[in-house]
Amino acid sequence: MKGFFNHVLASMLGTFLVLVFLVIINVIIIVGMISSLGSLSGENAEISDNSILQLDFKNAVADRSLVKPNMSSFKLEKRLSLRSVIEIIKDAKDDEKIKGIYLDLSGLQIGIASVEEIRNALKDFKTSGKFILAHAEYYSHKSYYLASVADKLYLTPEGAVQFMGLTAQIMFYKSMLEKIGLEPEIIRHGKFKSAVEPFMLDEISDANREQTLKYIGSIWNSILKGISEERGVSIDLLNTYADSVLIRNDKTAKELNLVDDLKYKDEVLAELKDLSGSGEEIKLVSLMQYINSEKDLDAILNPKEENIAIVYAEGTIVNGTGDEEEIGSETLAAAIREAREDESVKAIVLRINSPGGSALASEVIWRETVLAKQTKPFYVSMGNVAASGGYYIACQADTIVAQPNTITGSIGVFGLLFNAKKLMNNIGVNINAVNTNKYSDLGSPARKMTQFERGIIQTSVEDVYTTFITHVAEGRKMKVSEIDEIGQGRVWSGEDAKDIGLVDVMGGLETAIGFAARKARLTEYGIKTYPEKDKMTMILEGMMTDVKTSFIEEELGESYIYYKRIKNVTKIKGIQTRMPYYLEIE
């Protein structure tokens, strides 16, 4: 008995010591992160004469600035917003200390529509007469499109330029599901609503192939047009390069005028030093250094007596509060309402970067957009994607602004359930239900739905679709039949969406802000961002919610996006207004 108590006491002491150790480690982490707060507070950094602004995008650029913990260094990291990057480029254009820009494009974690906005800002920068020089070891289609705006475009010897045209590859699971005994129960409206096709078919449908070729073709043509204008190579010739895979190595890239020369990084740095006239030492200034310099970007972005509100809607649309990577219906609705009721806010811009999600959550947000439009000028700026539920919450705007390569539309609805009875039986599991009423277990994965039950859910899907296209018709001042014709779940590029009336103007966030300012008759104004969060709130939220995510993100690296997407799938509930699949241009 004595030995038993000794063992118990030893176990308790060991557990206590482990808990004390974990508390100490957490305190060290928090103190380390708090101590890094100074580097985020905008401390001035001196910018010398003959400096060069170095733009690299190895870290993701989001629509809105984020402060997140880095679990490798136990410090807080600030991720710049797209608008901050644009403002930095604008500021550098008129800064006599900045002689030019060095585009270091070895990594590029930005969506294609965001690339378009940065590229346009760089084109404006060139009107100052200052130089832009680009260099990379490897160019993807996306990074090459950005680099093509440069005066000099260099590639590392033995490097490569990806130039074969865009492809969309979709995985189909029907045969696999049949083999494991899992039967999908699919209810949808819209012949193009292809989100559920991978579960019901073994290959792409004609309708889905048609729409996919249409919008990726539109994006490719937009990329070719921009490259052609800057590099002086015709679109037909560029397509020939892609069709014949002529850009096979560094030498063919140079011979066919996609790059100006093949240079190692030390050679590029030497040329930059000569271009800057800085003498013995090259003076490269990073984005973060510049934003913390005497160039007070906060003075541009901070609120004033009269303001334009930017409400950020980024991520999958879900019910409830959501998080930094989701659009929670309660959170976003409250943010729009707050901007609407704020007397200092004279106009509202809703910035959307979302593939959609819950139909009910979209409806909750839509209601607040209606009230906002009734009260103040209300504009929408579409980012990389504003489709399905993302379009649902956009359709009431006075004006919708998108980039040519924005993905939008996908006006359709679906529901997806699974009958796992055969799968359960195969592994020796049998589920019995005891119901108070005949259909109490409707939608249960333990059995196949009856035709009556399927009809009930189909009616719900049809009702949501009717509501969706009615909202769009009202917002766009079109007939419901016209919206139904271009709806049906079909995905469009921003350029094609403008042609059919779903988008009004080509442009970025600054374009939408400009429209809002003119409508509100503002010449001088500040910017208020919603949902409102001060720096300390972001830090504390990061510590509370992002620590685990940061560990996973750092461990998985570029593969983290797939973990996040699988996680999102597990959260799908109810009828969905969602993009057919995740789309990323490489």
# chains A, B, ... in the order shown; residues from 1 in each chain; ligands from 1
$ select_by_dssp --residues "segment 402-460 of chain A" --states "alpha helix (DSSP H)" --output "PyMOL selection string"
chain A and resi 421-426+451-460
$ select_by_dssp --residues "segment 118-189 of chain A" --states "strand (DSSP E)" --output "mmCIF file with C-alpha atoms, in the first residue's frame"
data_model
loop_
_atom_site.group_PDB
_atom_site.id
_atom_site.type_symbol
_atom_site.label_atom_id
_atom_site.label_comp_id
_atom_site.auth_asym_id
_atom_site.auth_seq_id
_atom_site.Cartn_x
_atom_site.Cartn_y
_atom_site.Cartn_z
ATOM 1 C CA PHE A 131 14.190 52.164 -63.082
ATOM 2 C CA ILE A 132 12.708 48.774 -62.234
ATOM 3 C CA LEU A 133 14.942 45.718 -62.397
ATOM 4 C CA ALA A 134 13.614 42.163 -61.933
ATOM 5 C CA HIS A 135 15.517 38.964 -61.175
ATOM 6 C CA ALA A 136 14.633 35.376 -60.242
ATOM 7 C CA GLU A 137 16.009 31.861 -60.374
ATOM 8 C CA TYR A 138 12.664 30.637 -61.680
ATOM 9 C CA TYR A 139 9.613 32.442 -63.053
ATOM 10 C CA LYS A 152 15.437 44.964 -67.226
ATOM 11 C CA LEU A 153 14.344 41.369 -66.651
ATOM 12 C CA TYR A 154 17.031 38.893 -65.618
ATOM 13 C CA LEU A 155 17.120 35.132 -65.030
ATOM 14 C CA THR A 156 19.760 33.147 -63.154
ATOM 15 C CA PRO A 157 21.834 30.958 -65.527
ATOM 16 C CA GLU A 158 20.366 27.445 -65.660
ATOM 17 C CA GLY A 159 17.122 28.909 -64.331
ATOM 18 C CA ALA A 160 13.748 28.531 -66.019
ATOM 19 C CA VAL A 161 10.653 30.422 -67.177
ATOM 20 C CA GLU A 183 -22.486 7.067 -51.659
ATOM 21 C CA PRO A 184 -22.819 10.829 -52.178
ATOM 22 C CA GLU A 185 -26.310 12.319 -51.965
ATOM 23 C CA ILE A 186 -26.146 15.354 -54.274
ATOM 24 C CA ILE A 187 -28.729 18.080 -54.714
ATOM 25 C CA ARG A 188 -27.884 21.097 -56.849
ATOM 26 C CA HIS A 189 -29.273 23.801 -59.098
#
$ atom_distance --atom1 "atom CA of Lys97 of chain A" --atom2 "atom CA of Phe125 of chain A"
14.3 Å
$ residues_around --residues "Ile118 of chain A" --least-positions-apart "5" --cutoff "10 Å" --atoms "only C-alpha atoms" --output "ChimeraX atom specification"
/A:82-83,85-87,89,110,112-113,123-124,146,508
$ atom_distance --atom1 "atom CA of Asp342 of chain A" --atom2 "atom CA of Asp63 of chain A"
22.5 Å
$ atom_distance --atom1 "atom CA of Tyr392 of chain A" --atom2 "atom CA of Tyr530 of chain A"
19.4 Å
$ closest_residue --among "A:Leu55, A:Leu275, A:Ile227, A:Ile407" --to "Leu108 of chain A" --atoms "only C-alpha atoms"
A:Leu55
$ closest_residue --among "A:Gly514, A:Pro355, A:Gly412, A:Gly455" --to "Tyr379 of chain A" --atoms "only C-alpha atoms"
A:Gly514
$ closest_residue --among "A:Ile98, A:Met449, A:Ala333, A:Leu502" --to "Asp49 of chain A" --atoms "only C-alpha atoms"
A:Ile98
